[in-house]
Amino acid sequence: MRRLRAAAAFATVTALAATASACGGGSATGGGGNDSPKSLTYWASNQGPSIEADKRILTAELKKFEQQSGIKVKLEVVPWSDLLNRILAATTSGQGPDVLNIGNTWSASLQATGALLPWDRAAFDAIGGRARFADSAVAAAGAPGKDPAAVPLYSLSYALYYNKKMFADAGIAEPPATWDELVADGKRLSKDGKWALGAEGANLANNIHQVFVLGRQHGADFFDAAGKPTFTSDGAVAAVKQYVDFMAKDKIVAPGNAEYAQNQSLRDFSTGKTAMVLWQAAASTFAAQGMKPEDWGVAPVPVPAGTPDSDRNVNSMVAGINISVFKNTHNRDGALSFVKFMTGDEEQKILNKTYGSIPPVKAAQADPAFGAPDTSVLKETLLKSAAPLPQVPEESQFETAVGTAVKGLWADAAAGRAVTTESVKAALAKAQQQMPK
């Protein structure tokens, strides 16, 4: 889930949420209304190697839905770099699609606008019931204690992907299980113009995902129980410093990675420039870039050495894509029917196999395809050691503020400027000052 900044837009959304949710009108892009019950508009997120690939994949599936229901779906695949801002603009104007994909980390933030249809019991019953979905996936669909703002569509977790040949050439028999091992292996792998670990230093969302996990391993969560930001806690500072130190201190990440924001680390991995990358469900991307399945392996994201308790053994955020319905759609029945189709057992198998993700629908998870070595790691991580990002209304501002702070620290490391505990704490203090009071 790759996104750009949206803090300013979100402030406007919060102020106008009541107005937006009360707007009539239908979709600005031609979505059907009660007077046009045979059409819907759908904003899909970019899940595959390219926008065009997603159009091909989804168009074939949407034709099935049209044949079954008689409802034609107008599809737009929106890049992650644009998606959140497009959604925020739609919530303020009341003019958006009928159905849309959202990054699951945005669920509580978008829920707070009041623009999305709440998934109460009746809505869930219309698509087969809430019990069909994995609890961990539903937990990342809205704030605790409220009806979810979305339905899980694709579940993802982070894993450590590694180049088998580069490991063998360096005399490393197996992937690292702890961060100490990763750094030690990384120093053996970083030589002859090649680097051990790929990163996306200018990708705000990826920065958040990585430091959230490290934060949990250091006993920090970036927000307290009351939802107040705690960005400058000792654990949060240690987490951010550990992440940036892979470049600044350990020298296992290439300085140029500080400018990466659009999956360049996956390209470097696919072409043998780096030996490892921490990513969500990357198999389809590697295949599209020419790697063979036997060229790479997958392992759980490392954890601290020793035997940390379960709270500090988190090694992934609960990643994934949710599907939502705009509350002011004029074709509510058609929209619910479409969500039911997209989350049906068979369609879940097809789509998640294609994208290399894990079905959040329990029955679909039983398909043998999701027992392959790479998907098994993702599934086990989701079941046993992943945690959802804070489900607070300010989550999108958190991503922007802290993601930007980490981006700046990567830039310092790339330029040879010192990254110290004090400089990290100062950057996080500045980020916290940008949060709503």
# chains A, B, ... in the order shown; residues from 1 in each chain; ligands from 1
>>> select_by_dssp(residues="region 175-330 of chain A", states="strand (DSSP E)", output="list in words")
Trp195, Ala196, Leu197, Gly198, Thr274, Ala275, Met276, Val277, Leu278, Trp279, Gln280, Trp296, Gly297, Val298, Ala299, Ser316, Met317, Ala319, Gly320, Ile321, Asn322, Ile323, Ser324 and Val325 of chain A
>>> residues_around(residues="Leu214 (chain A)", least_positions_apart="4", cutoff="7 Å", atoms="only C-alpha atoms", output="NGL selection string")
:A and (210 or 218 or 239)
>>> write_last_selection(atoms="all heavy atoms", output="PDB file, in the first residue's frame")
ATOM      1  N   GLN A 210       7.381  -0.284   8.378  1.00  0.00           N
ATOM      2  CA  GLN A 210       8.606  -0.847   8.940  1.00  0.00           C
ATOM      3  C   GLN A 210       8.837  -0.369  10.368  1.00  0.00           C
ATOM      4  O   GLN A 210       9.169  -1.175  11.256  1.00  0.00           O
ATOM      5  CB  GLN A 210       9.810  -0.491   8.055  1.00  0.00           C
ATOM      6  CG  GLN A 210       9.680  -0.865   6.584  1.00  0.00           C
ATOM      7  CD  GLN A 210       9.584  -2.359   6.334  1.00  0.00           C
ATOM      8  OE1 GLN A 210       9.814  -3.168   7.228  1.00  0.00           O
ATOM      9  NE2 GLN A 210       9.237  -2.734   5.110  1.00  0.00           N
ATOM     10  N   HIS A 218      10.164  -2.924  20.108  1.00  0.00           N
ATOM     11  CA  HIS A 218      10.794  -2.127  21.168  1.00  0.00           C
ATOM     12  C   HIS A 218       9.787  -1.715  22.246  1.00  0.00           C
ATOM     13  O   HIS A 218      10.117  -0.895  23.109  1.00  0.00           O
ATOM     14  CB  HIS A 218      11.432  -0.870  20.565  1.00  0.00           C
ATOM     15  CG  HIS A 218      12.738  -1.120  19.873  1.00  0.00           C
ATOM     16  ND1 HIS A 218      13.934  -1.215  20.541  1.00  0.00           N
ATOM     17  CD2 HIS A 218      13.031  -1.304  18.557  1.00  0.00           C
ATOM     18  CE1 HIS A 218      14.916  -1.439  19.678  1.00  0.00           C
ATOM     19  NE2 HIS A 218      14.397  -1.497  18.464  1.00  0.00           N
ATOM     20  N   ALA A 239      13.178   2.455  17.503  1.00  0.00           N
ATOM     21  CA  ALA A 239      12.718   1.762  16.299  1.00  0.00           C
ATOM     22  C   ALA A 239      13.132   2.504  15.044  1.00  0.00           C
ATOM     23  O   ALA A 239      13.649   1.911  14.087  1.00  0.00           O
ATOM     24  CB  ALA A 239      11.203   1.607  16.343  1.00  0.00           C
TER      25      ALA A 239
END
>>> closest_residue(among="A:Leu88, A:Leu160, A:Val240, A:Ala258", to="Asp374 (chain A)", atoms="only C-alpha atoms")
A:Leu160
>>> closest_residue(among="A:Val314, A:Ile323, A:Leu75, A:Ala134", to="Leu153 (chain A)", atoms="only C-alpha atoms")
A:Ile323
>>> residues_around(residues="Ala149 (chain A)", least_positions_apart="6", cutoff="9 Å", atoms="only C-alpha atoms", output="PyMOL selection string")
chain A and resi 107-108+110-111+114+116-119+141-143+323-325
>>> closest_atom_pairs(of="region 87-141 of chain A", to="region 379-395 of chain A", cutoff="7 Å", atoms="only C-alpha atoms", output="CSV")
residue,atom,partner,partner_atom,distance
A:Thr105,CA,A:Leu389,CA,6.3
A:Trp106,CA,A:Glu395,CA,6.7
A:Ala108,CA,A:Pro393,CA,5.2
A:Ser109,CA,A:Pro393,CA,4.0
A:Ala112,CA,A:Pro393,CA,5.9
A:Ala140,CA,A:Pro388,CA,5.8
>>> write_last_selection(atoms="N, CA and C atoms", output="PDB file, in the first residue's frame")
ATOM      1  N   THR A 105      -5.125   0.334   6.383  1.00  0.00           N
ATOM      2  CA  THR A 105      -4.664   1.233   7.435  1.00  0.00           C
ATOM      3  C   THR A 105      -5.439   2.546   7.444  1.00  0.00           C
ATOM      4  N   TRP A 106      -6.145   2.850   6.358  1.00  0.00           N
ATOM      5  CA  TRP A 106      -6.937   4.084   6.288  1.00  0.00           C
ATOM      6  C   TRP A 106      -8.336   3.926   6.878  1.00  0.00           C
ATOM      7  N   ALA A 108      -9.988   3.512   9.755  1.00  0.00           N
ATOM      8  CA  ALA A 108     -10.531   4.349  10.828  1.00  0.00           C
ATOM      9  C   ALA A 108     -10.560   5.820  10.426  1.00  0.00           C
ATOM     10  N   SER A 109      -9.538   6.272   9.690  1.00  0.00           N
ATOM     11  CA  SER A 109      -9.504   7.670   9.255  1.00  0.00           C
ATOM     12  C   SER A 109     -10.679   7.982   8.340  1.00  0.00           C
ATOM     13  N   ALA A 112     -14.080   8.013  10.015  1.00  0.00           N
ATOM     14  CA  ALA A 112     -14.388   9.229  10.775  1.00  0.00           C
ATOM     15  C   ALA A 112     -15.042  10.303   9.917  1.00  0.00           C
ATOM     16  N   ALA A 140      -8.860  -4.737  11.089  1.00  0.00           N
ATOM     17  CA  ALA A 140      -8.230  -3.631  10.365  1.00  0.00           C
ATOM     18  C   ALA A 140      -9.213  -2.985   9.389  1.00  0.00           C
TER      19      ALA A 140
END
>>> residues_around(residues="Leu58 (chain A)", least_positions_apart="6", cutoff="12 Å", atoms="only C-alpha atoms", output="list in words")
Tyr42, Trp43, Ala44, Ser45, Asn46, Gln47, Gly48, Ile51, Glu52, Lys64, Phe65, Val73, Lys74, Leu75, Glu76, Val77, Met342, Glu347, Ile350, Leu351, Asn352, Thr354 and Tyr355 of chain A
>>> residues_around(residues="Val419 (chain A)", least_positions_apart="2", cutoff="9 Å", atoms="only C-alpha atoms", output="PyMOL selection string")
chain A and resi 241+244-245+248-249+409-410+412-413+416-417+421-424
>>> closest_atom_pairs(of="region 239-283 of chain A", to="region 179-190 of chain A", cutoff="12 Å", atoms="only C-alpha atoms", output="JSON lines")
{"residue": "A:Ala239", "atom": "CA", "partner": "A:Trp179", "partner_atom": "CA", "distance": 12.0}
{"residue": "A:Gln242", "atom": "CA", "partner": "A:Trp179", "partner_atom": "CA", "distance": 9.6}
{"residue": "A:Tyr243", "atom": "CA", "partner": "A:Trp179", "partner_atom": "CA", "distance": 10.4}
{"residue": "A:Asp245", "atom": "CA", "partner": "A:Val183", "partner_atom": "CA", "distance": 10.1}
{"residue": "A:Phe246", "atom": "CA", "partner": "A:Val183", "partner_atom": "CA", "distance": 7.7}
{"residue": "A:Met247", "atom": "CA", "partner": "A:Val183", "partner_atom": "CA", "distance": 10.6}
{"residue": "A:Lys249", "atom": "CA", "partner": "A:Val183", "partner_atom": "CA", "distance": 10.2}
{"residue": "A:Asp250", "atom": "CA", "partner": "A:Val183", "partner_atom": "CA", "distance": 6.8}
{"residue": "A:Lys251", "atom": "CA", "partner": "A:Lys187", "partner_atom": "CA", "distance": 7.4}
{"residue": "A:Ile252", "atom": "CA", "partner": "A:Gly186", "partner_atom": "CA", "distance": 5.5}
{"residue": "A:Val253", "atom": "CA", "partner": "A:Ser190", "partner_atom": "CA", "distance": 8.1}
{"residue": "A:Ala254", "atom": "CA", "partner": "A:Ser190", "partner_atom": "CA", "distance": 8.9}
{"residue": "A:Gly272", "atom": "CA", "partner": "A:Leu189", "partner_atom": "CA", "distance": 11.5}
{"residue": "A:Lys273", "atom": "CA", "partner": "A:Ser190", "partner_atom": "CA", "distance": 9.7}
{"residue": "A:Thr274", "atom": "CA", "partner": "A:Ser190", "partner_atom": "CA", "distance": 8.2}
{"residue": "A:Ala275", "atom": "CA", "partner": "A:Leu189", "partner_atom": "CA", "distance": 7.1}
{"residue": "A:Met276", "atom": "CA", "partner": "A:Gly186", "partner_atom": "CA", "distance": 8.7}
{"residue": "A:Val277", "atom": "CA", "partner": "A:Leu182", "partner_atom": "CA", "distance": 11.2}
{"residue": "A:Leu278", "atom": "CA", "partner": "A:Leu182", "partner_atom": "CA", "distance": 11.5}
>>> residues_around(residues="Phe286 (chain A)", least_positions_apart="2", cutoff="9 Å", atoms="only C-alpha atoms", output="list in words")
Pro49, Leu266, Arg267, Phe269, Ser270, Ala282, Ala283, Ser284, Ala288, Gln289, Gly290, Met291, Lys292 and Pro293 of chain A
>>> closest_residue(among="A:Gly103, A:Ala202, A:Asn322, A:Lys327", to="Val402 (chain A)", atoms="only C-alpha atoms")
A:Ala202
>>> select_by_dssp(residues="region 163-213 of chain A", states="alpha helix (DSSP H)", output="list in words")
Lys164, Lys165, Met166, Phe167, Ala168, Asp169, Trp179, Asp180, Glu181, Leu182, Val183, Ala184, Asp185, Gly186, Lys187, Arg188, Leu189, Leu204, Ala205, Asn206, Asn207, Ile208, His209, Gln210, Val211, Phe212 and Val213 of chain A
>>> closest_residue(among="A:Thr232, A:Gln280, A:Thr420, A:Asn257", to="Ser316 (chain A)", atoms="only C-alpha atoms")
A:Gln280
>>> atom_distance(atom1="CA of Pro300 (chain A)", atom2="CA of Asn315 (chain A)")
7.4 Å
